[in-house]
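**Student:** Input structure: entry34.csv, which contains CSV, C-alpha atoms and all ligand atoms.
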```csv
chain,number,residue,atom,x,y,z
F,552,MET,CA,75.9,49.5,57.4
F,553,LYS,CA,78.6,51.0,55.3
F,554,LEU,CA,80.9,48.4,53.9
F,555,SER,CA,81.6,50.4,50.7
F,556,SER,CA,84.7,52.5,51.3
F,557,ASN,CA,87.3,50.4,53.2
F,558,GLU,CA,87.2,52.8,56.2
F,559,SER,CA,87.9,51.8,59.8
F,560,PRO,CA,84.6,50.8,61.4
F,561,TYR,CA,85.8,52.3,64.7
F,562,GLY,CA,85.3,55.9,65.8
F,563,PRO,CA,88.2,58.1,66.9
F,564,LEU,CA,90.1,57.2,70.0
F,565,PRO,CA,89.6,59.6,73.0
F,566,SER,CA,93.2,60.7,72.8
F,567,VAL,CA,92.9,61.6,69.2
F,568,LEU,CA,89.6,63.5,69.8
F,569,ASP,CA,91.3,65.4,72.6
F,570,ALA,CA,94.2,66.4,70.3
F,571,VAL,CA,91.7,67.6,67.7
F,572,ALA,CA,89.7,69.6,70.3
F,573,ALA,CA,92.9,71.2,71.5
F,574,ALA,CA,94.0,72.1,68.0
F,575,ALA,CA,90.5,73.5,67.3
F,576,THR,CA,91.3,76.4,69.6
F,577,GLU,CA,93.8,77.6,67.1
F,578,ILE,CA,91.8,77.5,63.9
F,579,ASN,CA,92.0,81.2,63.4
F,580,ARG,CA,95.7,80.7,62.5
F,581,TYR,CA,97.0,79.1,59.3
F,582,PRO,CA,98.4,75.6,59.7
F,583,ASP,CA,102.1,74.8,59.4
F,584,THR,CA,102.2,74.4,55.7
F,585,GLY,CA,105.3,72.2,55.8
F,586,ALA,CA,103.6,69.9,58.4
F,587,THR,CA,107.0,69.9,60.1
F,588,ALA,CA,106.1,68.1,63.3
F,589,LEU,CA,104.2,65.4,61.5
F,590,THR,CA,106.9,65.0,58.9
F,591,GLY,CA,109.5,64.6,61.7
F,592,ALA,CA,107.3,62.2,63.6
F,593,LEU,CA,106.8,60.0,60.5
F,594,ALA,CA,110.5,60.1,59.8
F,595,THR,CA,111.2,58.9,63.3
F,596,ARG,CA,108.5,56.3,63.2
F,597,PHE,CA,109.8,54.8,60.0
F,598,GLY,CA,113.5,55.3,60.6
F,599,VAL,CA,114.1,57.5,57.6
F,600,PRO,CA,115.5,61.0,57.2
F,601,ASP,CA,113.0,63.9,57.3
F,602,ASP,CA,113.7,64.8,53.7
F,603,HIS,CA,112.5,61.4,52.6
F,604,VAL,CA,109.0,62.2,53.8
F,605,ALA,CA,106.3,64.3,52.1
F,606,VAL,CA,102.8,64.8,53.6
F,607,GLY,CA,99.7,65.6,51.6
F,608,ALA,CA,95.9,65.9,51.7
F,609,GLY,CA,95.3,62.1,51.6
F,610,SER,CA,97.4,59.7,49.6
F,611,VAL,CA,95.3,60.6,46.6
F,612,GLY,CA,96.4,64.2,47.1
F,613,VAL,CA,100.1,63.1,47.3
F,614,LEU,CA,99.6,61.0,44.2
F,615,GLN,CA,98.0,63.9,42.3
F,616,GLN,CA,101.0,66.0,43.2
F,617,LEU,CA,103.4,63.3,42.0
F,618,LEU,CA,101.7,62.9,38.7
F,619,GLU,CA,101.6,66.6,38.2
F,620,ALA,CA,105.4,66.8,38.9
F,621,THR,CA,106.3,63.9,36.6
F,622,SER,CA,103.8,64.1,33.7
F,623,GLU,CA,103.4,66.1,30.5
F,624,PRO,CA,101.1,65.4,27.6
F,625,GLY,CA,102.1,62.1,26.1
F,626,ALA,CA,103.6,60.8,29.3
F,627,GLU,CA,102.4,57.3,30.2
F,628,VAL,CA,101.4,56.0,33.6
F,629,VAL,CA,101.2,52.2,33.8
F,630,TYR,CA,99.1,50.4,36.3
F,631,ALA,CA,97.2,47.1,36.7
F,632,TRP,CA,93.5,47.1,36.1
F,633,ARG,CA,91.3,46.7,37.8
F,634,SER,CA,92.9,48.7,40.6
F,635,PHE,CA,92.2,51.8,42.6
F,636,GLU,CA,89.7,54.0,40.7
F,637,ALA,CA,91.5,57.2,41.4
F,638,TYR,CA,94.5,56.2,39.2
F,639,PRO,CA,92.8,56.9,35.8
F,640,LEU,CA,91.2,60.1,37.2
F,641,LEU,CA,94.4,61.5,38.5
F,642,ALA,CA,96.3,60.5,35.3
F,643,ASP,CA,93.7,62.3,33.2
F,644,LEU,CA,94.0,65.4,35.4
F,645,ALA,CA,97.7,65.4,34.9
F,646,ASP,CA,97.3,65.0,31.1
F,647,ALA,CA,99.1,61.7,31.3
F,648,THR,CA,98.0,58.6,29.3
F,649,SER,CA,96.9,55.6,31.3
F,650,VAL,CA,98.2,52.3,30.2
F,651,ARG,CA,96.1,49.6,31.9
F,652,VAL,CA,97.5,46.1,32.3
F,653,PRO,CA,94.9,43.5,33.0
F,654,LEU,CA,95.1,41.5,36.3
F,655,ARG,CA,95.9,37.8,36.0
F,656,ASP,CA,94.1,35.6,38.4
F,657,GLU,CA,93.0,38.8,40.2
F,658,THR,CA,96.7,39.7,40.8
F,659,HIS,CA,99.2,42.1,39.3
F,660,ASP,CA,100.8,40.6,36.3
F,661,LEU,CA,104.3,42.1,36.9
F,662,ASP,CA,105.8,40.6,33.7
F,663,ALA,CA,103.1,42.3,31.6
F,664,LEU,CA,103.5,45.5,33.6
F,665,ALA,CA,107.2,45.5,32.9
F,666,ASP,CA,106.6,44.8,29.2
F,667,ALA,CA,104.2,47.8,29.1
F,668,ILE,CA,106.9,50.2,30.0
F,669,THR,CA,108.1,52.4,27.1
F,670,ASP,CA,110.4,55.4,26.8
F,671,ARG,CA,107.3,57.6,27.4
F,672,THR,CA,106.5,55.9,30.7
F,673,ARG,CA,107.0,58.2,33.7
F,674,MET,CA,105.4,56.2,36.4
F,675,VAL,CA,104.3,52.7,37.3
F,676,LEU,CA,101.7,52.2,40.1
F,677,VAL,CA,101.7,49.0,42.0
F,678,CYS,CA,98.9,48.8,44.5
F,679,ASN,CA,99.9,46.2,47.1
F,680,PRO,CA,97.5,44.9,48.5
F,681,ASN,CA,95.4,45.7,45.4
F,682,ASN,CA,92.2,47.6,45.7
F,683,PRO,CA,89.6,46.1,45.0
F,684,THR,CA,90.8,42.5,44.9
F,685,GLY,CA,92.9,42.4,48.1
F,686,THR,CA,95.5,40.4,46.4
F,687,THR,CA,99.2,41.0,46.8
F,688,VAL,CA,102.5,40.7,45.0
F,689,ARG,CA,105.3,38.8,46.8
F,690,GLU,CA,108.8,40.0,47.6
F,691,ALA,CA,110.8,37.9,45.1
F,692,GLU,CA,108.5,38.8,42.2
F,693,LEU,CA,108.4,42.4,43.1
F,694,ARG,CA,112.2,42.6,43.4
F,695,ALA,CA,112.6,40.9,40.0
F,696,PHE,CA,110.1,43.4,38.6
F,697,LEU,CA,111.9,46.4,40.1
F,698,ASP,CA,115.2,45.2,38.5
F,699,ARG,CA,113.5,45.4,35.1
F,700,VAL,CA,112.2,48.9,35.5
F,701,PRO,CA,114.5,51.5,33.8
F,702,ASP,CA,115.8,54.4,36.0
F,703,HIS,CA,113.7,57.1,34.2
F,704,VAL,CA,110.5,55.5,35.5
F,705,LEU,CA,109.2,56.1,39.0
F,706,VAL,CA,107.6,53.1,40.7
F,707,VAL,CA,105.0,54.1,43.3
F,708,LEU,CA,104.1,51.3,45.7
F,709,ASP,CA,100.7,52.2,47.0
F,710,GLU,CA,100.5,50.6,50.4
F,711,ALA,CA,97.3,52.2,51.7
F,712,TYR,CA,96.4,48.8,53.3
F,713,ARG,CA,99.9,47.8,54.5
F,714,GLU,CA,98.9,47.6,58.2
F,715,TYR,CA,96.5,44.8,57.4
F,716,VAL,CA,99.1,42.6,55.7
F,717,ARG,CA,99.9,39.4,57.6
F,718,ASP,CA,101.5,37.3,54.8
F,719,PRO,CA,105.3,37.5,55.5
F,720,GLN,CA,106.0,37.0,51.8
F,721,VAL,CA,104.5,40.4,51.1
F,722,PRO,CA,107.3,42.9,51.1
F,723,ASP,CA,107.3,46.2,53.0
F,724,GLY,CA,107.9,48.8,50.4
F,725,LEU,CA,110.1,50.7,52.9
F,726,ASP,CA,112.6,47.9,52.6
F,727,LEU,CA,112.6,48.1,48.9
F,728,TYR,CA,112.8,51.9,48.3
F,729,ARG,CA,116.0,52.4,50.3
F,730,ASP,CA,118.5,51.3,47.7
F,731,ARG,CA,116.3,52.3,44.7
F,732,PRO,CA,116.1,56.1,44.0
F,733,ASN,CA,113.2,55.5,41.5
F,734,VAL,CA,110.9,53.7,44.1
F,735,ALA,CA,108.6,55.5,46.5
F,736,VAL,CA,106.0,54.3,48.9
F,737,LEU,CA,102.5,55.8,49.5
F,738,ARG,CA,100.8,55.4,52.8
F,739,THR,CA,97.7,56.9,54.4
F,740,PHE,CA,96.1,57.8,57.7
F,741,SER,CA,92.6,57.0,56.2
F,742,LYS,CA,92.4,53.2,56.8
F,743,ALA,CA,94.2,51.6,59.8
F,744,TYR,CA,94.6,55.0,61.5
F,745,GLY,CA,90.9,55.8,61.1
F,746,LEU,CA,91.2,59.4,59.9
F,747,ALA,CA,89.6,59.1,56.4
F,748,ALA,CA,87.6,62.4,56.9
F,749,LEU,CA,90.6,64.4,57.8
F,750,ARG,CA,92.7,63.7,54.6
F,751,VAL,CA,96.3,62.9,55.6
F,752,GLY,CA,98.5,60.7,53.5
F,753,PHE,CA,102.3,60.6,52.9
F,754,LEU,CA,105.0,59.5,50.7
F,755,ILE,CA,108.3,58.0,51.7
F,756,GLY,CA,110.9,58.2,48.9
F,757,HIS,CA,114.3,59.7,48.0
F,758,PRO,CA,114.7,63.4,48.5
F,759,HIS,CA,114.2,64.3,44.8
F,760,VAL,CA,110.9,62.5,44.8
F,761,ALA,CA,109.7,63.9,48.2
F,762,SER,CA,110.7,67.4,47.3
F,763,ALA,CA,108.8,67.2,44.0
F,764,VAL,CA,105.7,66.4,46.1
F,765,ARG,CA,106.4,69.3,48.4
F,766,LYS,CA,106.9,71.7,45.5
F,767,THR,CA,103.5,70.8,43.9
F,768,MET,CA,101.5,71.1,47.1
F,769,VAL,CA,98.7,73.6,47.4
F,770,PRO,CA,99.8,75.8,50.3
F,771,PHE,CA,98.3,74.7,53.7
F,772,ALA,CA,96.8,71.6,52.0
F,773,VAL,CA,97.0,69.5,55.2
F,774,ASN,CA,94.9,71.4,57.8
F,775,HIS,CA,95.7,72.0,61.4
F,776,LEU,CA,93.2,69.5,62.8
F,777,ALA,CA,94.4,66.8,60.4
F,778,GLN,CA,98.0,67.4,61.5
F,779,ALA,CA,97.1,67.2,65.1
F,780,ALA,CA,95.0,64.1,64.7
F,781,ALA,CA,97.7,62.3,62.7
F,782,LEU,CA,100.3,63.1,65.3
F,783,ALA,CA,98.1,61.9,68.1
F,784,SER,CA,97.4,58.7,66.1
F,785,LEU,CA,101.0,58.0,65.8
F,786,GLU,CA,101.3,58.3,69.5
F,787,ALA,CA,98.3,55.9,69.9
F,788,GLU,CA,99.6,53.5,67.3
F,789,ASN,CA,99.5,50.5,69.6
F,790,GLU,CA,95.9,51.0,70.4
F,791,LEU,CA,95.1,51.5,66.7
F,792,LEU,CA,97.0,48.4,65.6
F,793,GLU,CA,94.9,46.4,68.1
F,794,ARG,CA,91.9,47.5,66.1
F,795,VAL,CA,93.6,46.5,62.9
F,796,GLU,CA,94.2,43.1,64.5
F,797,ARG,CA,90.4,42.8,65.1
F,798,THR,CA,89.8,43.6,61.5
F,799,VAL,CA,92.3,41.0,60.3
F,800,LYS,CA,90.5,38.4,62.5
F,801,GLU,CA,87.2,39.5,61.1
F,802,ARG,CA,88.6,39.3,57.6
F,803,GLY,CA,89.5,35.6,58.2
F,804,ARG,CA,86.1,34.9,59.6
F,805,VAL,CA,84.2,36.6,56.7
F,806,ARG,CA,86.3,34.9,54.0
F,807,ASP,CA,86.0,31.5,55.7
F,808,ALA,CA,82.2,31.8,56.1
F,809,LEU,CA,81.9,32.8,52.4
F,810,LEU,CA,84.1,29.9,51.3
F,811,ALA,CA,82.1,27.5,53.4
F,812,ASP,CA,78.9,28.9,51.8
F,813,GLY,CA,80.2,28.1,48.3
F,814,TRP,CA,81.5,31.5,47.3
F,815,ALA,CA,84.8,32.0,45.4
F,816,VAL,CA,86.9,34.6,47.3
F,817,PRO,CA,90.5,35.4,46.5
F,818,PRO,CA,92.9,35.5,49.4
F,819,THR,CA,92.9,39.1,50.8
F,820,GLU,CA,95.5,41.0,52.8
F,821,ALA,CA,93.5,44.2,53.0
F,822,ASN,CA,90.4,45.3,55.0
F,823,PHE,CA,88.0,44.0,52.3
F,824,VAL,CA,87.0,41.0,50.3
F,825,TRP,CA,86.4,40.7,46.6
F,826,LEU,CA,83.6,38.7,44.9
F,827,ARG,CA,83.8,38.5,41.1
F,828,MET,CA,80.2,38.3,40.1
F,829,GLY,CA,80.2,39.4,36.4
F,830,GLU,CA,76.7,40.2,35.2
F,831,ALA,CA,75.1,39.4,38.6
F,832,THR,CA,77.1,42.2,40.2
F,833,LEU,CA,74.5,44.9,40.4
F,834,ASP,CA,71.8,42.5,41.3
F,835,PHE,CA,73.8,41.2,44.3
F,836,ALA,CA,74.6,44.7,45.3
F,837,ALA,CA,70.9,45.5,45.3
F,838,ALA,CA,70.2,42.5,47.5
F,839,CYS,CA,72.9,43.6,49.9
F,840,GLU,CA,71.4,47.1,49.9
F,841,ALA,CA,67.9,45.7,50.6
F,842,ALA,CA,69.4,44.0,53.6
F,843,GLY,CA,70.8,47.4,54.8
F,844,VAL,CA,74.4,46.8,53.7
F,845,ALA,CA,76.1,49.2,51.3
F,846,VAL,CA,78.9,47.5,49.3
F,847,ARG,CA,80.9,48.7,46.4
F,848,PRO,CA,79.9,47.2,43.0
F,849,PHE,CA,81.9,47.5,39.8
F,850,ALA,CA,79.2,46.8,37.2
F,851,GLY,CA,79.8,43.7,35.1
F,852,GLU,CA,82.9,42.8,37.2
F,853,GLY,CA,82.4,42.2,40.9
F,854,LEU,CA,81.9,43.6,44.4
F,855,ARG,CA,84.2,44.8,47.1
F,856,ILE,CA,83.0,44.4,50.6
F,857,SER,CA,84.8,46.2,53.4
F,858,ILE,CA,85.3,44.4,56.7
F,859,GLY,CA,83.3,46.1,59.4
F,860,THR,CA,82.3,45.3,63.0
F,861,PRO,CA,81.2,41.7,63.6
F,862,GLU,CA,77.6,43.0,63.5
F,863,ASP,CA,78.1,44.7,60.1
F,864,ASP,CA,79.8,41.6,58.7
F,865,ASP,CA,77.1,39.3,60.0
F,866,ALA,CA,74.5,41.4,58.2
F,867,PHE,CA,76.5,41.1,55.0
F,868,LEU,CA,77.0,37.3,55.4
F,869,ALA,CA,73.3,36.8,56.0
F,870,ALA,CA,72.6,38.7,52.7
F,871,ALA,CA,75.2,36.6,50.9
F,872,GLN,CA,73.7,33.4,52.3
F,873,ALA,CA,70.2,34.4,51.3
F,874,TYR,CA,71.3,35.1,47.7
F,875,PRO,CA,70.1,32.4,45.3
F,876,THR,CA,73.3,31.9,43.3
F,877,ARG,CA,77.0,31.7,43.9
F,878,ASN,CA,79.9,33.1,41.9
F,879,THR,CA,81.7,29.9,41.0
H,901,LIG,N1,95.3,54.1,47.6
H,901,LIG,C1,94.4,53.1,47.6
H,901,LIG,C2,94.8,51.8,47.1
H,901,LIG,C3,93.1,53.2,48.2
H,901,LIG,O1,92.3,52.2,48.2
H,901,LIG,C4,92.8,54.5,48.8
H,901,LIG,C5,91.5,54.7,49.4
H,901,LIG,N2,90.4,54.2,48.9
H,901,LIG,C6,93.7,55.5,48.7
H,901,LIG,C7,95.0,55.3,48.1
H,901,LIG,C8,93.4,56.9,49.1
H,901,LIG,O2,93.5,57.1,50.4
H,901,LIG,P1,93.5,58.6,51.0
H,901,LIG,O3,92.2,58.6,51.8
H,901,LIG,O4,94.7,58.6,51.8
H,901,LIG,O5,93.5,59.5,49.9
```
Please go through the file and, once you have read it, give me the structure as structure tokens.

**Tutor:**
Amino acid sequence: MKLSSNESPYGPLPSVLDAVAAAATEINRYPDTGATALTGALATRFGVPDDHVAVGAGSVGVLQQLLEATSEPGAEVVYAWRSFEAYPLLADLADATSVRVPLRDETHDLDALADAITDRTRMVLVCNPNNPTGTTVREAELRAFLDRVPDHVLVVLDEAYREYVRDPQVPDGLDLYRDRPNVAVLRTFSKAYGLAALRVGFLIGHPHVASAVRKTMVPFAVNHLAQAAALASLEAENELLERVERTVKERGRVRDALLADGWAVPPTEANFVWLRMGEATLDFAAACEAAGVAVRPFAGEGLRISIGTPEDDDAFLAAAQAYPTRNT
């Protein structure tokens, strides 16, 4: 059971498979490098102009392009840590310097993030909900933070898990970017839309940001099947969001079961839970593995466990229950 990568546990919808099969008859041709139809569909879906949207090969692809567009040696990229593992990798690739600001109570410390900004800072990344902790920043604090960020710094709100958020106090980045030219939102088809293997992500931001992403794209980076699948997924959004609802319910069930069993689990608004285990991390990961469950350990820190099907989650819960110690 693979609970290690925060994927959707559900296979493709028949309508999405049909769209991919139809698109497959055209793979002798290059794809539309501008992903025009998908860009237009996303603009319509989110009620923004087309030139506010840039599509890329996964949201990591989009982020890599953004970092390339904004960085030079000596440029600083500020983000909370621990957060998404790709941030330091992509910053390194862009020759930028990572400035990591420790989480406080498993959550972004927005004051410390703002304090870490210098005149060399080009970008601040805010992962909301945060991977791997599942924790969130709330609207009032995020607005106050954005008010402190100088205009020369681009704030990227990484909302890869947005569709799983149910706490009404967690802001939708799309409401925040509109009157802030230096704020952009990253989303993906890899999680709620179930297309992780096809690599489609997108940015919504002001035209100067979206066009910087487009200019740094490898030609044809988003392939024809991926574009077709993403378009079909937007059309099937209601069905996909029902699956998300199932995952949200499962998330509550898993967290409640862990809490009842004596585990400390931070509140999560994503499709995973986080267990801080310190030195016991790798041992607990091995115990899960022995029970047939792959989870994601961060040695010396903790484990991230994706929410799967009820059967997957039961297998994980059984492994957790059988483990001799707890993390409190
Ligand atoms: N952002 C975050 C916070 C993630 O956790 C992930 C996937 N693990 C991504 C972005 C990357 O998603 P994609 O598949 O779109 O590159």

**Student:** Could you please extract the residues within 10 Å of ligand LIG 901 (chain H), counting only C-alpha atoms and all ligand atoms, and hand them back as a VMD selection string?

**Tutor:** chain F and resid 555 to 558 607 to 615 634 to 638 676 to 683 685 708 to 713 737 to 742 745 to 753 821 to 822

**Student:** Looking at F:His659, F:Arg827, F:Arg729, F:Arg673, which one is nearest to Ala645 (chain F), with distances taken over all atoms listed in the file?

**Tutor:**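 The shortest atom-to-atom distance to Ala645 (chain F) comes from F:Arg673.
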
**Student:** Choose the residue, out of F:Asp643, F:Glu619, F:Glu830, F:Glu690, that has the smallest atom-to-atom separation from Met768 (chain F); count all atoms listed in the file.

**Tutor:**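 Of the candidates, the smallest distance to Met768 (chain F) is held by F:Glu619.
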
**Student:** Compare F:Cys839, F:Val707, F:Leu785, F:Ala808 by their minimum atom-to-atom distance to Ser566 (chain F), counting only C-alpha atoms, and give me the closest one.

**Tutor:** F:Leu785

**Student:** What is the CA of Thr879 (chain F) to CA of Glu801 (chain F) distance in Å?

**Tutor:**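 That distance, rounded to one decimal, is 22.9 Å.
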